[in-house]
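File shown here: work.txt, holding compact mmCIF, C-alpha atoms.
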# COMPACT_ATOMS: atom_id res chain seq x y z
CA MET A 1 44.80 5.20 94.43
CA ASN A 2 43.18 2.16 95.90
CA HIS A 3 43.49 1.41 99.60
CA ARG A 4 42.21 -1.71 101.37
CA GLN A 5 41.43 -1.06 105.02
CA GLN A 6 40.57 -3.57 107.73
CA CYS A 7 37.55 -1.81 109.17
CA ASN A 8 33.90 -1.13 108.50
CA TRP A 9 33.14 1.45 105.79
CA LYS A 10 31.24 3.65 108.23
CA MET A 11 34.37 4.12 110.32
CA VAL A 12 36.24 5.41 107.27
CA MET A 13 33.45 7.85 106.45
CA GLU A 14 32.83 9.03 109.99
CA ASN A 15 36.53 9.63 110.60
CA ASN A 16 36.64 12.07 107.69
CA VAL A 17 34.34 14.52 109.46
CA ASP A 18 35.61 13.90 112.98
CA GLY A 19 36.94 17.23 114.23
CA TYR A 20 39.19 15.92 117.00
CA HIS A 21 40.73 12.65 115.84
CA ALA A 22 43.78 14.43 114.39
CA LEU A 23 45.09 15.22 117.86
CA PHE A 24 45.56 11.52 118.53
CA THR A 25 45.89 10.11 115.01
CA HIS A 26 48.25 12.58 113.32
CA PRO A 27 50.73 13.97 115.86
CA SER A 28 53.56 12.38 113.86
CA VAL A 29 52.75 14.72 110.98
CA TYR A 30 52.56 17.84 113.13
CA GLU A 31 55.79 16.89 114.89
CA ALA A 32 57.83 15.81 111.90
CA VAL A 33 56.38 17.47 108.82
CA ARG A 34 54.37 20.62 109.39
CA PRO A 35 52.18 22.18 112.05
CA ALA A 36 48.41 21.77 111.74
CA LYS A 37 46.78 24.31 109.41
CA VAL A 38 44.63 25.65 112.24
CA SER A 39 44.81 25.12 115.99
CA HIS A 40 43.30 21.92 117.36
CA GLN A 41 42.08 23.70 120.46
CA PRO A 42 38.39 24.25 119.71
CA SER A 43 38.22 27.38 121.86
CA LYS A 44 40.85 29.07 119.68
CA VAL A 45 39.28 28.63 116.28
CA ASP A 46 36.08 29.49 114.42
CA VAL A 47 35.87 26.13 112.72
CA ILE A 48 32.31 24.83 112.45
CA VAL A 49 31.24 21.21 112.44
CA ARG A 50 27.89 20.73 110.75
CA ASP A 51 25.22 18.11 110.22
CA LEU A 52 23.70 19.15 106.89
CA GLY A 53 20.83 16.67 107.14
CA ASN A 54 20.22 13.35 105.37
CA GLY A 55 23.55 12.04 106.63
CA HIS A 56 25.61 14.73 104.88
CA SER A 57 28.05 16.50 107.14
CA GLU A 58 31.16 18.62 107.12
CA ILE A 59 33.95 20.48 108.83
CA ASP A 60 33.62 24.08 107.68
CA TYR A 61 36.77 26.22 107.81
CA THR A 62 35.15 29.23 106.07
CA GLU A 63 34.85 31.56 109.07
CA GLU A 64 38.26 30.70 110.42
CA TYR A 65 39.98 31.21 107.08
CA LEU A 66 38.13 34.48 106.41
CA LYS A 67 39.28 35.71 109.80
CA LEU A 68 42.90 34.82 108.95
CA ASP A 69 42.43 36.22 105.41
CA ASP A 70 45.42 34.28 104.00
CA GLU A 71 45.15 32.61 100.61
CA PHE A 72 45.88 28.90 100.12
CA ILE A 73 46.05 27.88 103.80
CA TRP A 74 44.23 24.78 102.55
CA PHE A 75 46.88 24.26 99.86
CA GLY A 76 50.11 24.12 101.84
CA ARG A 77 50.17 27.93 101.98
CA ALA A 78 51.42 28.03 98.40
CA PRO A 79 52.31 31.62 97.50
CA ARG A 80 50.17 33.25 94.80
CA GLN A 81 53.34 34.04 92.81
CA LYS A 82 53.89 30.31 92.24
CA LEU A 83 50.47 29.99 90.58
CA PRO A 84 50.33 33.07 88.32
CA ASN A 85 48.36 31.58 85.43
CA TYR A 86 45.74 29.99 87.64
CA VAL A 87 45.21 33.17 89.66
CA ALA A 88 45.10 35.31 86.49
CA SER A 89 42.50 32.99 84.94
CA LEU A 90 40.36 33.15 88.07
CA GLU A 91 40.57 36.93 88.23
CA ALA A 92 39.65 37.23 84.56
CA ALA A 93 36.61 35.01 85.11
CA TYR A 94 35.41 36.14 88.55
CA GLY A 95 37.14 39.43 89.38
CA PRO A 96 39.79 40.04 92.05
CA GLU A 97 37.48 40.15 95.10
CA LYS A 98 35.70 36.87 94.49
CA THR A 99 39.02 35.27 93.51
CA HIS A 100 40.65 36.38 96.75
CA ARG A 101 37.74 35.08 98.80
CA SER A 102 37.77 31.72 97.00
CA LEU A 103 41.50 31.33 97.50
CA VAL A 104 41.09 32.15 101.19
CA VAL A 105 38.11 29.84 101.80
CA GLY A 106 39.24 26.90 99.64
CA PRO A 107 37.32 23.77 98.72
CA PRO A 108 34.90 21.83 100.96
CA HIS A 109 35.70 19.20 103.56
CA THR A 110 32.35 17.48 103.23
CA LEU A 111 30.87 14.00 103.51
CA VAL A 112 28.09 13.25 101.03
CA PHE A 113 26.04 10.36 102.40
CA PRO A 114 26.69 7.50 102.17
CA ASN A 115 30.15 7.03 100.69
CA LEU A 116 31.52 10.16 98.98
CA PHE A 117 34.01 12.41 100.72
CA LEU A 118 35.09 15.74 99.23
CA ALA A 119 38.51 15.99 100.84
CA GLU A 120 39.46 19.48 99.74
CA MET A 121 41.48 18.80 96.54
CA ASN A 122 40.90 15.03 96.75
CA ILE A 123 37.84 12.91 96.16
CA MET A 124 37.36 9.69 98.11
CA VAL A 125 34.77 7.03 97.37
CA VAL A 126 34.40 4.19 99.84
CA GLU A 127 33.29 0.67 98.95
CA PRO A 128 32.23 -1.80 101.65
CA VAL A 129 33.64 -5.27 100.98
CA ALA A 130 32.75 -7.07 104.21
CA PRO A 131 31.71 -5.96 107.71
CA GLY A 132 35.36 -5.46 108.60
CA GLU A 133 36.84 -4.63 105.22
CA THR A 134 36.63 -1.50 103.07
CA ILE A 135 38.28 -0.15 99.96
CA ALA A 136 38.86 3.59 99.76
CA TYR A 137 39.37 4.91 96.22
CA THR A 138 41.02 8.32 96.20
CA SER A 139 41.64 10.62 93.28
CA PRO A 140 43.16 14.08 93.16
CA ALA A 141 40.70 16.69 91.87
CA LEU A 142 42.77 17.79 88.87
CA LEU A 143 41.87 20.99 87.05
CA PRO A 144 41.91 20.79 83.24
CA GLY A 145 44.43 23.24 81.80
CA ALA A 146 45.86 24.28 85.18
CA ASP A 147 49.19 22.43 85.12
CA GLU A 148 50.83 24.58 87.82
CA MET A 149 48.00 23.62 90.19
CA ASN A 150 47.83 19.99 89.10
CA SER A 151 51.44 19.23 89.83
CA ARG A 152 50.94 20.40 93.44
CA ILE A 153 47.55 18.71 93.71
CA LEU A 154 49.15 15.39 92.72
CA ARG A 155 52.03 15.66 95.16
CA ARG A 156 49.72 16.79 97.98
CA CYS A 157 47.38 13.86 97.31
CA GLU A 158 50.29 11.41 97.57
CA GLY A 159 51.56 13.16 100.69
CA ALA A 160 48.27 12.89 102.55
CA MET A 161 46.15 10.12 101.08
CA GLY A 162 46.17 6.42 100.29
CA PRO A 163 48.10 3.44 101.65
CA SER A 164 51.39 5.34 102.04
CA GLY A 165 49.93 8.77 102.81
CA PHE A 166 51.28 10.65 105.81
CA LEU A 167 47.70 10.97 107.07
CA ILE A 168 45.40 8.25 105.74
CA ALA A 169 47.72 5.31 106.43
CA ASP A 170 47.30 6.11 110.12
CA ASP A 171 43.55 6.70 109.88
CA GLY A 172 43.34 3.20 108.41
CA GLU A 173 45.41 1.83 111.27
CA ILE A 174 43.15 3.41 113.89
CA GLY A 175 40.11 2.06 112.03
CA ALA A 176 41.59 -1.44 112.14
CA ARG A 177 42.31 -1.13 115.87
CA ASN A 178 38.78 0.12 116.52
CA GLN A 179 37.38 -2.80 114.55
CA LEU A 180 39.33 -5.22 116.74
CA GLY A 181 38.13 -3.39 119.85
CA LEU A 182 34.49 -3.44 118.75
CA ALA A 183 34.68 -7.21 118.25
CA SER A 184 34.89 -7.59 122.02
CA LYS A 185 31.38 -6.06 122.30
CA ASN A 186 32.40 -4.72 125.68
CA PRO A 187 31.28 -2.05 126.31
CA GLU A 188 28.14 -2.69 124.32
CA TRP A 189 27.60 0.96 123.33
CA LEU A 190 29.70 3.88 122.22
CA MET A 191 28.50 7.34 123.21
CA LEU A 192 28.56 10.08 120.59
CA SER A 193 27.23 12.85 122.81
CA ARG A 194 30.23 15.14 122.76
CA GLY A 195 29.27 18.79 122.20
CA PHE A 196 25.54 18.04 122.11
CA GLU A 197 24.79 21.03 124.38
CA SER A 198 26.80 23.35 122.10
CA GLU A 199 24.65 22.72 119.01
CA LEU A 200 22.82 25.47 117.17
CA THR A 201 20.34 25.22 114.34
CA ASP A 202 20.08 27.51 111.34
CA GLU A 203 19.17 27.27 107.65
CA THR A 204 22.43 25.34 106.95
CA GLY A 205 21.64 22.56 109.40
CA THR A 206 22.72 21.62 112.92
CA LEU A 207 26.09 23.06 113.77
CA SER A 208 28.58 23.66 116.53
CA TYR A 209 31.45 26.10 116.94
CA ASP A 210 33.11 23.46 119.09
CA LYS A 211 35.24 21.70 116.49
CA SER A 212 35.41 18.67 118.80
CA ALA A 213 31.61 18.29 118.92
CA GLU A 214 30.38 15.00 117.46
CA THR A 215 27.69 16.81 115.46
CA PRO A 216 28.77 15.45 112.03
CA GLN A 217 29.12 11.92 113.39
CA ARG A 218 25.64 12.06 114.98
CA GLY A 219 24.16 13.25 111.68
CA PHE A 220 25.86 10.47 109.74
CA TRP A 221 24.92 7.65 112.13
CA ARG A 222 21.36 8.88 112.73
CA HIS A 223 20.66 8.91 109.01
CA TRP A 224 22.30 5.53 108.49
CA ALA A 225 20.11 4.09 111.25
CA SER A 226 17.00 5.62 109.69
CA VAL A 227 17.66 4.24 106.20
CA MET A 228 18.36 0.87 107.83
CA GLY A 229 14.92 1.03 109.38
CA SER A 230 15.50 2.10 112.97
CA GLN A 231 14.92 5.37 114.76
CA VAL A 232 17.61 7.06 116.81
CA GLY A 233 16.87 9.88 119.22
CA MET B 1 60.43 0.29 81.31
CA VAL B 2 64.12 0.35 80.42
CA GLU B 3 65.18 -2.36 78.01
CA ILE B 4 67.90 -4.68 79.21
CA LEU B 5 71.35 -3.51 78.12
CA SER B 6 72.85 -6.91 77.62
CA PRO B 7 71.90 -10.23 79.12
CA VAL B 8 75.56 -11.23 79.28
CA THR B 9 76.79 -8.14 81.16
CA SER B 10 76.76 -8.94 84.83
CA VAL B 11 76.05 -6.55 87.68
CA GLU B 12 79.13 -5.72 89.73
CA ALA B 13 79.21 -7.48 93.06
CA THR B 14 79.41 -4.22 95.04
CA HIS B 15 76.27 -2.95 93.31
CA ALA B 16 74.34 -6.13 94.05
CA GLU B 17 75.53 -5.90 97.65
CA PHE B 18 74.17 -2.36 97.83
CA LEU B 19 70.75 -3.66 96.79
CA PHE B 20 70.87 -6.32 99.49
CA LEU B 21 71.92 -3.76 102.11
CA GLU B 22 69.12 -1.38 101.10
CA SER B 23 66.63 -4.25 101.33
CA ARG B 24 67.83 -5.39 104.73
CA LEU B 25 67.75 -1.86 106.19
CA ALA B 26 64.19 -1.49 104.89
CA ASP B 27 63.22 -4.91 106.27
CA GLU B 28 64.55 -3.99 109.70
CA SER B 29 63.04 -0.47 109.71
CA ARG B 30 66.50 1.02 110.26
CA TYR B 31 65.29 4.41 109.18
CA THR B 32 68.38 6.59 109.68
CA GLU B 33 70.71 4.13 107.98
CA TRP B 34 68.26 3.59 105.12
CA GLU B 35 67.93 7.32 104.58
CA SER B 36 71.72 7.71 104.54
CA LEU B 37 71.89 5.56 101.39
CA TRP B 38 70.15 8.26 99.34
CA ASP B 39 71.79 10.81 97.10
CA GLU B 40 70.82 14.49 97.45
CA ASP B 41 69.15 14.20 94.05
CA ALA B 42 66.64 11.43 94.73
CA LEU B 43 63.38 9.88 93.66
CA TYR B 44 61.52 7.15 95.58
CA TRP B 45 58.55 6.25 93.41
CA VAL B 46 55.77 3.67 93.66
CA PRO B 47 53.42 4.13 90.69
CA LEU B 48 50.02 2.46 90.32
CA HIS B 49 51.07 0.85 87.05
CA GLU B 50 54.18 0.38 84.94
CA ASN B 51 53.60 3.03 82.31
CA ALA B 52 52.37 5.72 84.68
CA ASP B 53 53.10 9.40 83.98
CA PRO B 54 53.71 10.96 87.43
CA GLU B 55 52.96 14.46 86.13
CA ARG B 56 49.44 13.44 85.12
CA GLU B 57 48.57 10.52 87.38
CA VAL B 58 48.69 10.03 91.09
CA SER B 59 51.23 7.57 92.51
CA TYR B 60 51.25 5.73 95.82
CA ILE B 61 54.61 7.34 96.62
CA TYR B 62 56.45 10.03 94.66
CA ASP B 63 59.07 11.31 97.09
CA ASN B 64 61.85 13.70 96.20
CA ARG B 65 64.75 14.01 98.65
CA PRO B 66 63.00 16.47 101.03
CA ARG B 67 59.91 14.27 101.19
CA ILE B 68 62.00 11.15 101.85
CA ALA B 69 63.45 13.06 104.82
CA LYS B 70 59.94 13.94 106.03
CA ARG B 71 58.75 10.35 105.62
CA ILE B 72 61.66 9.11 107.71
CA ALA B 73 61.19 11.88 110.29
CA GLN B 74 57.54 10.88 110.63
CA LEU B 75 58.44 7.20 111.14
CA LYS B 76 61.04 8.18 113.73
CA THR B 77 58.55 10.08 115.90
CA GLY B 78 57.27 6.74 117.18
CA LEU B 79 53.77 8.16 116.64
CA ARG B 80 53.30 6.86 113.09
CA HIS B 81 50.56 4.50 114.27
CA SER B 82 50.52 2.33 111.14
CA GLN B 83 54.16 1.44 111.87
CA THR B 84 53.94 1.38 115.68
CA PRO B 85 55.21 -1.22 116.16
CA PRO B 86 56.99 -1.55 112.80
CA SER B 87 56.05 -4.41 110.50
CA LYS B 88 58.25 -7.46 110.72
CA MET B 89 59.58 -7.98 107.22
CA ARG B 90 61.89 -10.05 105.09
CA ARG B 91 62.24 -9.67 101.36
CA LEU B 92 63.97 -11.71 98.71
CA VAL B 93 65.70 -9.78 95.93
CA SER B 94 66.58 -11.67 92.78
CA ASN B 95 66.74 -11.66 88.96
CA ILE B 96 69.23 -8.82 89.17
CA GLU B 97 70.03 -7.44 85.73
CA LEU B 98 72.03 -4.49 84.46
CA LEU B 99 69.75 -2.19 82.49
CA GLU B 100 71.84 0.88 81.75
CA THR B 101 75.17 2.50 82.54
CA THR B 102 76.30 6.12 82.24
CA ASP B 103 79.56 7.80 83.26
CA ASP B 104 78.47 8.05 86.87
CA THR B 105 75.41 5.79 87.29
CA VAL B 106 74.19 2.24 86.85
CA THR B 107 70.55 1.25 86.57
CA ILE B 108 69.68 -2.21 87.81
CA GLY B 109 66.43 -4.14 87.58
CA SER B 110 65.42 -6.75 90.14
CA ASN B 111 62.41 -8.70 91.32
CA PHE B 112 61.33 -8.89 94.92
CA VAL B 113 58.99 -10.81 97.16
CA LEU B 114 58.33 -9.23 100.54
CA PHE B 115 56.72 -10.97 103.50
CA GLU B 116 55.27 -8.37 105.84
CA TYR B 117 53.79 -9.39 109.17
CA ARG B 118 51.81 -7.12 111.44
CA PHE B 119 48.14 -7.93 112.17
CA ALA B 120 48.49 -10.65 109.55
CA MET B 121 50.93 -11.82 106.90
CA THR B 122 50.83 -9.73 103.74
CA ILE B 123 52.79 -10.73 100.66
CA TRP B 124 54.03 -8.00 98.37
CA ALA B 125 55.76 -8.61 95.04
CA GLY B 126 57.06 -6.61 92.16
CA ARG B 127 60.01 -5.24 90.28
CA SER B 128 62.39 -2.64 91.69
CA VAL B 129 64.49 -0.54 89.36
CA TYR B 130 67.44 1.11 91.11
CA THR B 131 69.69 3.86 89.82
CA LEU B 132 72.94 4.06 91.78
CA VAL B 133 75.49 6.86 91.68
CA THR B 134 78.88 5.17 91.34
CA ASN B 135 81.44 7.94 90.81
CA SER B 136 82.67 8.24 94.38
CA ASP B 137 83.95 5.84 97.01
CA ARG B 138 80.48 5.49 98.51
CA ILE B 139 77.60 4.24 96.34
CA ARG B 140 74.47 6.41 96.66
CA LEU B 141 70.88 5.70 95.73
CA ARG B 142 69.45 8.16 93.23
CA ARG B 143 66.27 6.41 92.17
CA LYS B 144 64.21 3.51 93.41
CA VAL B 145 61.10 2.74 91.42
CA VAL B 146 58.89 -0.04 92.74
CA HIS B 147 56.39 -1.58 90.32
CA LEU B 148 53.98 -3.63 92.42
CA VAL B 149 52.43 -6.55 90.53
CA ASN B 150 49.07 -5.52 92.02
CA GLY B 151 49.52 -1.74 91.94
CA ASP B 152 46.30 -1.31 89.97
CA ALA B 153 44.29 -3.24 92.57
CA PRO B 154 43.46 -2.14 96.12
CA VAL B 155 46.58 -2.46 98.26
CA SER B 156 46.87 -2.60 102.03
CA THR B 157 48.50 0.10 104.10
CA MET B 158 52.09 0.51 102.94
CA SER B 159 53.68 2.93 105.36
CA PHE B 160 56.78 0.77 105.87
CA LEU B 161 59.75 1.12 103.52
CA ILE B 162 58.82 -0.77 100.37
Show me the file's structure as structure tokens.
Amino acid sequence: MNHRQQCNWKMVMENNVDGYHALFTHPSVYEAVRPAKVSHQPSKVDVIVRDLGNGHSEIDYTEEYLKLDDEFIWFGRAPRQKLPNYVASLEAAYGPEKTHRSLVVGPPHTLVFPNLFLAEMNIMVVEPVAPGETIAYTSPALLPGADEMNSRILRRCEGAMGPSGFLIADDGEIGARNQLGLASKNPEWLMLSRGFESELTDETGTLSYDKSAETPQRGFWRHWASVMGSQVG
Amino acid sequence: MVEILSPVTSVEATHAEFLFLESRLADESRYTEWESLWDEDALYWVPLHENADPEREVSYIYDNRPRIAKRIAQLKTGLRHSQTPPSKMRRLVSNIELLETTDDTVTIGSNFVLFEYRFAMTIWAGRSVYTLVTNSDRIRLRRKVVHLVNGDAPVSTMSFLI
């Protein structure tokens, strides 16, 4: 699906790895449709936000989901019994343990710099049109031969994504409002320092166990600034 | 698309009036009343193109009855930012033609032009194909399929009732 949004492309990308925007942007979904898949209180969850380097960044649910040890939390908590052929094929190929782990952990929620977003079972590519105009192209990640998965993947994509999606329509709205706000150039700067003191470094990059830390955003913007020829501290 | 049944068979006045009512309730974001028009067996579908297969291709909207209820519930929270405040809208519905009848349904094709104003004026246009259940004293909406003329192209946020 093809969605024209009235904001800069970087806002669309950054928003995808923002660990706290959902509290403000998506309460209508949590109130009317279904509760959030994990708590939004950072102190209650082991969700990691990570700057992978070179502008790539992600929200990593792996530890939290492994702790919960429930399959398909990332897939509307679909019961295994509804997906017998897919699960059987996975078990035949990878064995029951690795299958269980994969179905618990799920797919990535990862931004690949500059304009690719792996949105769990959706893929979004963002095209800048003008400083204040962006097109987001979103496709469900369909699995060849796995019809029982694909039917749910399609309906979940429509539910969340695109111009009528329960989620993305409102992300686009907030982007448009931010674009209008930025045009005032007052204040002149936006701070992205949240959670800076909570950051750790390991072989996977710079990360924080505070889901509301702006670690992914800092990684994205710092790399953008560097490829545009300026240095950011 | 369904072929026209007969160009000389006219649509019953009450069925045309139902289309106008549905359009006005959508225009005015009268969510509860709009939802009450739907049958329990329902499909509200906005494909990307006219010959789309919804089992193999993604659509903009492919709502069964439970998802229509969720969509309306979300709009009614007042926290659906992309419709807070709701778009101001007026649509023209015309070229109404009878496409098919069964014992308990009629299928009607129509064209629409919709003027939507929020940050700016957006013009939407397309063809809506309605299937109405007609075997009781109250007409109910079973299917509304909206073929946007520009469904293949990038479209703006469409979280109002199209």
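The coordinates place CA of Ile108 (chain B) at 5.2 Å from CA of Tyr130 (chain B).
Within the 9 Å cut-off around region 8-17 of chain B, using only C-alpha atoms and omitting residues fewer than 6 positions from it on the same chain, the listed residues are Ile96, Glu97, Leu98, Val106, Ile108, Leu132, Thr134 and Ile139 of chain B.
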task: In the coordinates of the file, take the point (45.5, 3.5, 105.3) and a cut-off of 9 Å; then, counting only C-alpha atoms, name each qualifying protein, DNA or RNA residue as a list in words.
output: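 The residues near that point, listed by chain and number, are His3, Arg4, Gln5, Gln6, Ala136, Met161, Gly162, Pro163, Ser164, Gly165, Leu167, Ile168, Ala169, Asp170, Asp171, Gly172, Glu173, Ile174 and Gly175 of chain A; Ser82, Ser156, Thr157, Met158 and Ser159 of chain B.
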- prompt: Given the choices B:Asn111, B:Thr102, B:Ser29, B:Asn150, which gets closest to chain A if the distance is worked out from only C-alpha atoms?
  reply: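 Closest residue, counting only C-alpha atoms: B:Asn150.
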query: Looking at B:Met121, B:Arg56, B:Gly78, B:Pro154, which one is nearest to chain A, with distances taken over all atoms listed in the file?
result: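 Ranked by minimum distance to chain A, first place goes to B:Pro154.
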Exercise: region 224-228 of chain A partners within 10 Å, all atoms listed in the file, chain neighbours under 6 positions left out, as a list in words: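 The contact residues come out as Lys10, Asn54, Gly55, Phe113, Pro114 and Arg218 of chain A.
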- request: Anything within 12 Å of (57.3, 3.9, 96.5): list those residues as a PyMOL selection string, counting all atoms listed in the file and sticking to the file's coordinates.
  value: (chain A and resi 158-159+163-165) or (chain B and resi 43-49+58-64+67-68+71+126-130+143-148+151+158-162)
- prompt: How far is it from CA of Gln83 (chain B) to CA of Thr122 (chain B), in Å with one decimal?
  reply: 14.2 Å
query: Excluding same-chain residues fewer than 3 positions from Gly205 (chain A), what lies within 12 Å of it counting all atoms listed in the file, as an MDAnalysis selection string?
result: chainID A and resid 48:58 199:202 208 215:216 219
Same residues, C-alpha atoms, output as a PDB file, keeping the file's coordinate frame:
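Saved as again-v5.pdb:
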ATOM      1  CA  ILE A  48      32.310  24.830 112.450  1.00  0.00           C
ATOM      2  CA  VAL A  49      31.240  21.210 112.440  1.00  0.00           C
ATOM      3  CA  ARG A  50      27.890  20.730 110.750  1.00  0.00           C
ATOM      4  CA  ASP A  51      25.220  18.110 110.220  1.00  0.00           C
ATOM      5  CA  LEU A  52      23.700  19.150 106.890  1.00  0.00           C
ATOM      6  CA  GLY A  53      20.830  16.670 107.140  1.00  0.00           C
ATOM      7  CA  ASN A  54      20.220  13.350 105.370  1.00  0.00           C
ATOM      8  CA  GLY A  55      23.550  12.040 106.630  1.00  0.00           C
ATOM      9  CA  HIS A  56      25.610  14.730 104.880  1.00  0.00           C
ATOM     10  CA  SER A  57      28.050  16.500 107.140  1.00  0.00           C
ATOM     11  CA  GLU A  58      31.160  18.620 107.120  1.00  0.00           C
ATOM     12  CA  GLU A 199      24.650  22.720 119.010  1.00  0.00           C
ATOM     13  CA  LEU A 200      22.820  25.470 117.170  1.00  0.00           C
ATOM     14  CA  THR A 201      20.340  25.220 114.340  1.00  0.00           C
ATOM     15  CA  ASP A 202      20.080  27.510 111.340  1.00  0.00           C
ATOM     16  CA  SER A 208      28.580  23.660 116.530  1.00  0.00           C
ATOM     17  CA  THR A 215      27.690  16.810 115.460  1.00  0.00           C
ATOM     18  CA  PRO A 216      28.770  15.450 112.030  1.00  0.00           C
ATOM     19  CA  GLY A 219      24.160  13.250 111.680  1.00  0.00           C
TER      20      GLY A 219
END
- prompt: Looking at all atoms listed in the file, which of B:Leu99, B:Ser94, B:Met89, B:Phe115 is the one that sits closest to Arg24 (chain B)?
  reply: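 Checking each of B:Leu99, B:Ser94, B:Met89, B:Phe115 against Arg24 (chain B), counting all atoms listed in the file, the winner is B:Met89.
With all atoms listed in the file as the basis for measurement, B:Thr32 is the residue among B:Ser136, B:Thr105, B:Thr32, B:Ser87 that approaches Ala69 (chain B) most closely.
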message: Could you tell me how far CA of Arg65 (chain B) sits from CA of Ala42 (chain B), in Å to one decimal place?
response: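 Calculated distance between CA of Ala42 (chain B) and CA of Arg65 (chain B) is 5.1 Å.
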With 6 Å of padding per side, what axis-aligned box (centre and edge lengths, Å, one decimal) covers all the listed atoms of region 111-116 of chain B? Give it as JSON.
{"center_x": 58.8, "center_y": -9.7, "center_z": 98.6, "size_x": 19.1, "size_y": 14.6, "size_z": 26.5}
